[in-house]
Amino acid sequence: MTTVDRNLDQLGDHGHHDEGSYLNPKYGPIATVWDWMTTVDHKKIGVMYLFAVLFMFFLGGVAALALRIELLEPTRIDETGNLTGAALAFFAEGETVSQAAAGQAYNRVMTMHGAIMVFMFIIPAIPASLGNFFLPLMLGAKDVAFPRLNLASWYVYVFGSLFGVFSILMGGVDTGWTFYTPYSTTTTGQPQVIAMVLAAFILGFSSIFTGLNFIVTTHKLRAPGMGWFDMPLFIWAVYSTSIIQVLATPVIGVTLLLLIFERVLQIGIFDPGLGGDPVLFQHFFWFYSHPVVYVMILPAMGIISDVLAIHCRKRIFGYRAIAFSSLAIAAISFLVWGHHMFTSQGELAAMVFSFLTFFVAIPTAVKVFNWIASLYKGSITFTTPMLYVFAFLFLFSIGGLTGLPLGTLSTDLHLHDSYFVVAHFHYVMFGGTVIAFLAGLHHWWPKMFGRMYSEKGGALGCALVFIGFNMTFFTQFFLGTQGMPRRYASYVDEFTLLHQISTYGSLILALGFVVHLVVFLHSLFLGEKAPQNPWGGLTLEWETETPPIEHNFHHEPVLTHGPYDFDEVVPPGWDPKDYPLPEQTPGGHKH
Amino acid sequence: MASIDTHQPALPEPGNEKVPLWQRYTHGHHWRNADDEFDAAKIGIWLFLATEVLLFSGMFCAYAIFRMMYPESIAAGSSYLDWRWGGLNTVVLLISSFTIAMAIRNVQLNQQFWARINLLITWLCAAAFLVIKLVFEYIPKWSEGKRPGSLFDYPFAQHAHENVWWSIYYVSTGIHATHVIGGMVLIAWLIYRQGKGAYGPTHYTMMEGVGLYWHIVDLVWIFLFPLLYLVH
C-alpha cells in the first residue's frame with residue numbers, strides 16, 4: 001500500500017524501543033499516584049474514567065435496587081393510619097411517616113438513579129473510557145490531539161460529579177432527571193436542586209472536551225495509509241457521537257444556566273407566573289437530551305460492529321452502510337426532540353416529529369441487518385464478548401421495535417408516561433448501551449490490563465445479566481400496557497405479581513454484576529498473562545504490545561490492510577493461539 | 001499558513017537565550033510536524049466556536065419566542081435602550097477585532113513592537129466596552145427598577161411582560177459580557193507571553209486561537225445589537 005521504509009516512521013524517527021507497559025510504575029508509590037493524577041496519557045485517563053464511571057454505575061445501581069425493593073409490594077395506609085408495604089422503612093424510617101413523605105423519598109431516590117445514570121454514567125461511559133483508551137490506538141496515534149484537554153475533561157467530570165454527590169448528601173432532588181419547570185423552580189430543597197443542575201452543567205463541559213478532542217484526533221492523527229474508509233467502525237461511531245456532543249451540549253448548557261437563574265433570581269423565562277414559557281424549557285431540554293440518547297447508543301453500536309467482526313472472523317457486511325448510518329443517526333437525532341412532548345405541542349408539529357422519529361429507525365435498522373448478515377458463514381466463537389453481542393442484537397431489537405408504538409401518535413396516547421416507556425428505554429439504554437459496554441470491556445480487557453479473564457465466569461455473568469434483565473424489564477411492558485404509570489411509589493393490587501417478578505429479576509441482574517466484578521478482580525490479580533492478540537483482531541490496537549507501551553507503538557504503524565480483511569490476512573484454520581498472525585505491520589515489533 | 005514554512009531548521013543552540021522563544025518552540029511529541037499541530041489546534045478552535053454559537057442560539061431562540069408571545073412588551077423594552085451606547089460599543093468591538101487581526105499579522109511578520117501595541121489596544125477596547133456597558137447601561141437601568149423577572153420594579157411600565165424583556169436583555173448581554181471578560185484574560189495572557197517573545201513567524205498558534213475567539217465575541221454582539229437596540 002505504501003513505500004514507506006518500515007524501519008522508520010514518517011520523520012525518520014527510530015521510535016520508542018525500550019519502553020515498558022504504560023501500567024509499569026516508574027516511581028515510588030506516592031510519586032506514582034502523582035504521575036497518574038497529572039498524566040496526559042490517553043490510556044491512563046481512559047482507565048481513570050473507566051473506574052470513575054463504574055463507581056457511578058454502582059451508585060446509580062444501588063438506587064435502582066432500592067426502587068425495585070420498594071415496589072415489591074404496594075404501599076397502603078391501614079385503618080390506624082400506619083403505612084404498610086415492602087421495605088418502606090428503607091425509604092422513610094419511623095412509624096409516623098406520612099404517605100406523602102414516603103412518596104417524596106421515592107422520588108428522590110428515583111431522581112438520583114436517573115441523574116447519576118444519565119449524566120455521570122451512560123453519557124461518558126463508552127466514549128470517555130474505552131473510546132479514550134482505544135481511539136488513538138486504533139488510529140495508530142501516540143495520543144489524542146489535545147492531551148491536556150483530555151486530562152482537564154476528567155477533572156471537570158470529577159468536579160461536576162462532586163456537585164451531584166453533594167446534592168444527594170444534602171437530601172437529594174425530587175425533580176426527576178429532566179428538571180421540568182415549573183416544578184424544578186418551585187420544589188423545596190433550594191441548594192440540592194441548584195447543585196444537581198450545576199452538576200449537569202459542569203459535566204457538559206467534560207463531554208464537549210472529549211468530543212472535540214476525538215473529532216480533531218480522527219481528522220489529524222490517522223496512521224499513514226489510513227483513509228476514512230480504512231478506519232474501524234468503532235471510530236466512525238465515536239466520531240459521530242462526538243459531533244453530537246459538541247453541537248448539542250452547549251444548548252443544555254444555556255438551558256441549565258437559565259434554570260439556575262430562574263431558581264435563584266426568578267427571572268421568569270420559564271415561569272408562567274411571571275410571563276415565562278415552561279414548554280420552552282422542554283424544547284430546550286430535549287433539543288439536547290434527545291440527541292444525547294444517540295451519544296449513549298452510537299458508541300455501543302461501534303463496539304458491536306468491531307467485536308462482532310473479530311469474534312466471527314469475518315469481513316463486516318456493508319462497511320460503508322454502517323459507517324454512513326452512524327452519521328445519518330447523528331444528523332437525524334437533532335430533528336426528533338419533539339417526540340418527547342407529543343402532548344405539549346400542536347397537532348401538526350406532533351405529526352412532523354412522529355414522521356421524523358420513524359425516519360431515524362431506518363439507519364438503525366440498516367446497522368442491525370448488516371450485523372446479522374455479517375454473521376452468515378463466519379467462524380463464530382462463543383467468547384464472552386460475542387455472547388454479549390448476541391444479547392445486544394436480541395435486546396436492542398426489542399428496544400428499537402418497541403420505540404415504534406411510542407413514536408406513533410395514536411398508540412402513544414395510551415402508552416406515554418407508562419411503564420411501557422420505562423421498559424422501552426431500558427431495553428435501549430441497558431439492553432443496548434450497557435450490554436455493548438460489557439462486550440467491549442471483555443473484548444479489550446486483555447489489551448488494557450494485560451490479563452485474560454475467566455471465560456466460564458464471564459459467560460456465567462452474561463447469562464445472569466441476560467436473564468435478570470429480561471425478568472426486570474419485559475414484565476414492565478405488560479405493566480405499561482395495563483396502565484401502570486411511571487414514577488409512582490405505589491400501585492393497585494392487580495400489578496403485584498408483575499412487580500414482584502421485576503424486582504426478583506433486578507436482584508438476579510445485580511448478582512450478574514457481582515459475578516463480573518469477581519471475574520475482573522480475579523483476572524487483575526491472578527489472571528493468565530494475555531497474548532498480544534488473543535482474538536485475532538486486525539485493527540491497530542492489536543499490533544502493539546499487551547498492555548501497550550507508554551507511547552503506544554514502538555514505531556509509527558503503517559496500515560497495510562483494512563480493519564476487517566480477515567479473508568486476505570488470516571489463513572484458513574488459524575487459531576488465536578497460533579499468534580502472531582502471519583502478516584504483521586511493523587508497529588508492534590522491536591528492532 | 002500557506003506561505004510560511006514551519007518546518008524548523010536545526011536550532012543553533014538549544015537553550016541559547018539569544019534565540020527568541022518562538023524559534024525554540026518544538027511541537028508536541030505526538031505530532032508528526034508543527035503544521036499538523038497548528039492545523040489541529042485550528043480545527044479545535046473552530047469546533048469550540050461552534051459550541052459558542054449554539055450556546056448563544058438558545059438565547060436568540062428565547063428572544064424569538066418571547067417576541068412572538070409579547071410583541072408589544074418586547075418593542076417597548078427595546079425602546080428603553082439608547083442605540084447610541086449600543087452603537088458606540090459596536091464600534092469599539094469592531095476596532096478591537098481589527099487590532100487583534102493586525103496583531104496576528106504583526107507576529108507573522110515578526111513586528112513585535114506593533115504586535116504589542118495592537119494587543120494593548122485590543123485589551124483597552126474590551127475594557128472600554130465593559131465600562132460603557134456597566135456605567136451607562138446596566139447601573140442606570142437597574143437603579144430605575146428595570147430589572148429581570150420578579151425583581152422588576154419600574155413604576156412606569158406600559159406593558160405586562162416588560163420584566164421578561166429585561167430577563168432576556170440581562171441574560172443575553174450578561175453571558176456576552178462574561179465572554180468579553182474571558183477574552184480580556186486571554187488577551188492579557190497573550191500580552192504577557194508576547195513580551196517573553198513566545199510568538200513569531202513560525203509559531204503563533206495561541207494568538208490565532210484567541211483571535212478567532214475574539215472575533216466570535218464580536219460577531220455575537222453584531223447580532224445582539226440590532227435585535228436588542230434597533231428592531232422595534
# chains A, B, ... in the order shown; residues from 1 in each chain; ligands from 1
>>> interface_residues(of="chain B", to="chain A", cutoff="7 Å", atoms="only C-alpha atoms", output="list in words")
His30, Arg32, Asp36, Ala40, Ile43, Gly44, Leu47, Thr51, Leu54, Leu55, Gly58, Pro148, Gly149, Ser150, His161, Val164 and Ser167 of chain B
>>> write_last_selection(atoms="C-alpha atoms", output="CSV table (one decimal), in the first residue's frame")
chain,number,residue,atom,x,y,z
B,30,HIS,CA,2.6,13.0,19.5
B,32,ARG,CA,4.4,14.4,13.1
B,36,ASP,CA,-0.3,19.2,11.7
B,40,ALA,CA,-5.4,20.5,14.6
B,43,ILE,CA,-9.9,22.7,13.9
B,44,GLY,CA,-10.3,22.5,17.7
B,47,LEU,CA,-15.3,23.4,16.9
B,51,THR,CA,-20.3,25.4,20.6
B,54,LEU,CA,-25.0,27.1,19.8
B,55,LEU,CA,-24.8,28.4,23.4
B,58,GLY,CA,-30.5,29.3,22.9
B,148,PRO,CA,-35.3,41.0,35.2
B,149,GLY,CA,-38.2,38.8,36.3
B,150,SER,CA,-39.5,39.1,39.8
B,161,HIS,CA,-44.4,41.5,30.4
B,164,VAL,CA,-39.5,39.2,30.6
B,167,SER,CA,-34.6,39.0,31.6
>>> select_by_dssp(residues="region 7-248 of chain A", states="strand (DSSP E)", output="short mmCIF file (atom, residue, chain, number, x, y, z; two decimals) with C-alpha atoms, in the first residue's frame")
data_model
loop_
_atom_site.label_atom_id
_atom_site.label_comp_id
_atom_site.auth_asym_id
_atom_site.auth_seq_id
_atom_site.Cartn_x
_atom_site.Cartn_y
_atom_site.Cartn_z
CA ARG A 76 -51.09 1.05 51.79
CA ILE A 77 -52.47 3.02 54.71
CA LEU A 83 -48.21 2.64 56.32
CA THR A 84 -47.64 -0.88 55.05
#
>>> select_by_dssp(residues="region 1-223 of chain B", states="helix (DSSP H, G or I)", output="PyMOL selection string")
chain B and resi 21-24+34-69+71-79+83-108+112-143+149-151+162-195+205-223
>>> atom_distance(atom1="CA of Ile501 (chain A)", atom2="CA of Pro405 (chain A)")
24.3 Å
>>> closest_residue(among="A:Val295, A:Ala373, A:Val360, A:Leu259", to="Val118 (chain A)", atoms="only C-alpha atoms")
A:Val295
>>> atom_distance(atom1="CA of Ala103 (chain B)", atom2="CA of Val135 (chain B)")
29.0 Å
>>> residues_around(residues="region 105-112 of chain B", least_positions_apart="6", cutoff="12 Å", atoms="only C-alpha atoms", output="JSON, numbers by chain")
{"B": [1, 2, 3, 4, 5, 6, 20, 22, 23, 98, 99, 118, 119, 190, 191, 193, 194, 195, 196, 197, 198, 199, 200, 201, 202, 203, 204, 205, 206, 207, 208, 211]}
